[in-house]
Amino acid sequence: MKPVINEFPSADGLWSGIRLATDANVEGAIVVAQGAIRWVGARSALPAEFAGLSQHDGGGALVTPGLVDCHTHLVYGGQRANEFAMRLAGASYEEVAKAGGGIVSSVRATREADEDTLFAQAASRLEQLLADGVCAIEIKSGYGLSLEHERKQLRVARRLGEAYGVTVRTTFLGAHALPPEYAGRANGSGDYIDLVCNEMLPALAAEGLVDAVDVFCERIAFSLAETEQVFKAAKALGLPVKLHAEQLSDMGGAALAARYGALSCDHIEHLSAEGIEAMRRSGTVAVLLPGAYYTLRDTHLPPVAALRAAGVPMAVSTDHNPGTSPALSLLLMVNMACTLFRLTVPEALDGVTVHAARALGLHDTHGAIAPGMPANFVLWNVREAAELAYWFGQQPVRAVVRQGRIAIGGNA
């Protein structure tokens with residue numbers, strides 16, 4: 001597929017006839033120049049110097065920052081609908097994994113697929129997320145579990161960003177599961193973590209394929225000691241860390257991640273008070289993943305009230321993956337975060353904009369509409385912001401400005 005970003009028209013000019021989500025009762029205006037926000041505010045306060053710019057009529061649409069999907073596993077081979085059926089029949093997450101399913105089944109399919117096949121499959125998924133107003137997305141590796149195949153996943157992630165003109169942050173998740181060739185081997189887990197730290201991560205980082213490093217710290221994955229080994233390797237390379245933390249049990253992973261200044265801790269259904277305090281001190285974002293909670297029919301809610309009380313920023317993401325969250329709508333996750341986790345509408349919308357951007361280290365360029373920032377914003381055919389959490393199944397996007405270009409809709 002050839003790149004499409006240069007085919008999108010420029011968003012430069014005056015965007016009027018819009019209502020900013022920060023004050024939907026007042027007509028707003030946004031000035032875009034050379035792909036960046038030059039001015040934003042009430043239309044009545046527009047400086048005279050901008051009055052003669054080319055016009056983009058928003059038709060009364062509500063405007064928010066472009067959405068940010070800060071936790072996805074978008075690039076993989078195959079699908080795992082059969083495991084969904086197994087869980088419905090009573091199998092647990094751990095039982096599915098022990099039966100040869102789970103992450104390792106996606107590893108087999110991903111290894112068998114070539115790069116172009118993975119790109120085509122992931123592109124179809126990405127297009128659905130972009131139609132929901134996503135302007136930045138994280139894409140993890142972790143279904144290759146060898147240097148060759150982790151590289152393949154990360155190369156596809158980079159290609160997707162280039163082809164669609166969307167900001168892609170790549171995360172190396174080599175420590176996602178134990179590869180099948182290490183299963184049953186004496187010290188197999190330790191040997192594999194040595195490979196991750198000493199060979200895979202340095203090589204991929206040197207190739208410019210890694211923006212951050214993640215680990216699945218859990219009983220069925222990797223221990224605290226193994227997690228810290230990966231974090232030390234990331235730190236030595238100057239890479240930020242993230243963590244799949246406290247999803248199935250309280251492993252103390254969040255506190256460890258916070259000690260390493262982690263960008264985010266994700267899932268966190270079993271997060272302890274000590275973990276919350278550590279995250280508060282480090283400024284680590286709590287990423288809530290209601291799609292996985294829903295798909296796994298979990299009943300152990302993340303400690304939202306305690307996170308709120310501590311002032312820990314909460315992001316919301318799809319966690320798109322083939323096994324436990326085959327979600328392709330970030331707006332649906334906004335609804336689920338409100339209905340399942342009891343976030344307020346402002347919290348949920350901040351969770352897919354400003355806090356999600358912070359969870360990726362993108363807070364200087366995404367998650368807000370402010371002078372000097374790249375133009376990433378969405379026009380919605382709704383009257384009030386609460387509708388973005390209220391509806392599910394609706395596609396209310398009127399226009400999307402992504403990286404200073406009109407990627408969807410727009411009236412000049």
# chains A, B, ... in the order shown; residues from 1 in each chain; ligands from 1

$ residues_around --residues "Met336 in chain A" --least-positions-apart "2" --cutoff "10 Å" --atoms "only C-alpha atoms" --output "ChimeraX atom specification"
/A:289-291,293-294,316,330-334,338-343,348,389-390,392

$ residues_around --residues "range 179-182 of chain A" --least-positions-apart "3" --cutoff "6 Å" --atoms "only C-alpha atoms" --output "ChimeraX atom specification"
/A:145,185,188

$ write_last_selection --atoms "all heavy atoms" --output "compact mmCIF listing (two decimals), in the first residue's frame"
# COMPACT_ATOMS: atom_id res chain seq x y z
N LEU A 145 8.40 -13.01 19.80
CA LEU A 145 9.19 -13.68 20.82
C LEU A 145 10.49 -14.27 20.29
O LEU A 145 11.01 -15.26 20.81
CB LEU A 145 8.36 -14.75 21.54
CG LEU A 145 7.01 -14.28 22.14
CD1 LEU A 145 6.40 -15.39 22.97
CD2 LEU A 145 7.17 -13.00 22.95
N ARG A 185 12.26 -26.12 29.42
CA ARG A 185 13.72 -26.10 29.54
C ARG A 185 14.13 -25.66 30.94
O ARG A 185 13.51 -24.75 31.52
CB ARG A 185 14.30 -25.14 28.50
CG ARG A 185 15.81 -25.05 28.52
CD ARG A 185 16.33 -23.89 27.68
NE ARG A 185 16.00 -23.99 26.27
CZ ARG A 185 16.49 -23.18 25.34
NH1 ARG A 185 17.33 -22.19 25.71
NH2 ARG A 185 16.16 -23.32 24.09
N GLY A 188 14.45 -22.04 31.61
CA GLY A 188 14.02 -21.50 30.32
C GLY A 188 13.62 -20.04 30.40
O GLY A 188 13.98 -19.23 29.53

$ residues_around --residues "Leu14 in chain A" --least-positions-apart "3" --cutoff "12 Å" --atoms "only C-alpha atoms" --output "number ranges by chain"
A: 10-11, 17-18, 28-33, 36-41, 43, 46-58, 411-412

$ closest_residue --among "A:Arg308, A:Gly133, A:Ala109, A:Phe172" --to "Arg402 in chain A" --atoms "only C-alpha atoms"
A:Gly133

$ closest_residue --among "A:Ala375, A:Ala157, A:Thr171, A:His71" --to "His267 in chain A" --atoms "only C-alpha atoms"
A:His71

$ residues_around --residues "range 114-130 of chain A" --least-positions-apart "2" --cutoff "8 Å" --atoms "only C-alpha atoms" --output "PyMOL selection string"
chain A and resi 74-77+110-112+132-135+152-153+156-157+159-160+328-330

$ closest_residue --among "A:Gly367, A:Val382, A:Asp12, A:Gly261" --to "Gln394 in chain A" --atoms "only C-alpha atoms"
A:Val382

$ closest_atom_pairs --of "range 238-353 of chain A" --to "range 211-216 of chain A" --cutoff "9 Å" --atoms "only C-alpha atoms" --output "CSV"
residue,atom,partner,partner_atom,distance
A:Leu239,CA,A:Ala212,CA,5.5
A:Pro240,CA,A:Ala212,CA,5.0
A:Val241,CA,A:Val213,CA,4.7
A:Lys242,CA,A:Asp214,CA,4.7
A:Leu243,CA,A:Asp214,CA,5.1
A:His244,CA,A:Phe216,CA,4.8
A:Ala245,CA,A:Phe216,CA,7.0
A:Leu263,CA,A:Ala212,CA,8.9

$ write_last_selection --atoms "N, CA and C atoms" --output "JSON list (two decimals), in the first residue's frame"
[["chain", "number", "residue", "atom", "x", "y", "z"],
["A", 239, "LEU", "N", 15.63, 4.11, 27.26],
["A", 239, "LEU", "CA", 14.24, 3.92, 26.84],
["A", 239, "LEU", "C", 13.29, 3.92, 28.03],
["A", 240, "PRO", "N", 12.14, 4.59, 27.91],
["A", 240, "PRO", "CA", 11.16, 4.56, 29.00],
["A", 240, "PRO", "C", 10.48, 3.20, 29.10],
["A", 241, "VAL", "N", 9.93, 2.92, 30.28],
["A", 241, "VAL", "CA", 9.28, 1.63, 30.50],
["A", 241, "VAL", "C", 7.81, 1.80, 30.82],
["A", 242, "LYS", "N", 7.08, 0.70, 30.58],
["A", 242, "LYS", "CA", 5.66, 0.58, 30.91],
["A", 242, "LYS", "C", 5.49, -0.81, 31.50],
["A", 243, "LEU", "N", 4.30, -1.12, 32.03],
["A", 243, "LEU", "CA", 4.12, -2.45, 32.61],
["A", 243, "LEU", "C", 2.68, -2.91, 32.54],
["A", 244, "HIS", "N", 2.50, -4.18, 32.10],
["A", 244, "HIS", "CA", 1.25, -4.90, 32.32],
["A", 244, "HIS", "C", 1.27, -5.30, 33.79],
["A", 245, "ALA", "N", 0.52, -4.60, 34.61],
["A", 245, "ALA", "CA", 0.67, -4.76, 36.06],
["A", 245, "ALA", "C", -0.64, -5.14, 36.74],
["A", 263, "LEU", "N", 6.16, 5.22, 32.42],
["A", 263, "LEU", "CA", 5.14, 6.06, 31.81],
["A", 263, "LEU", "C", 3.75, 5.65, 32.28]]
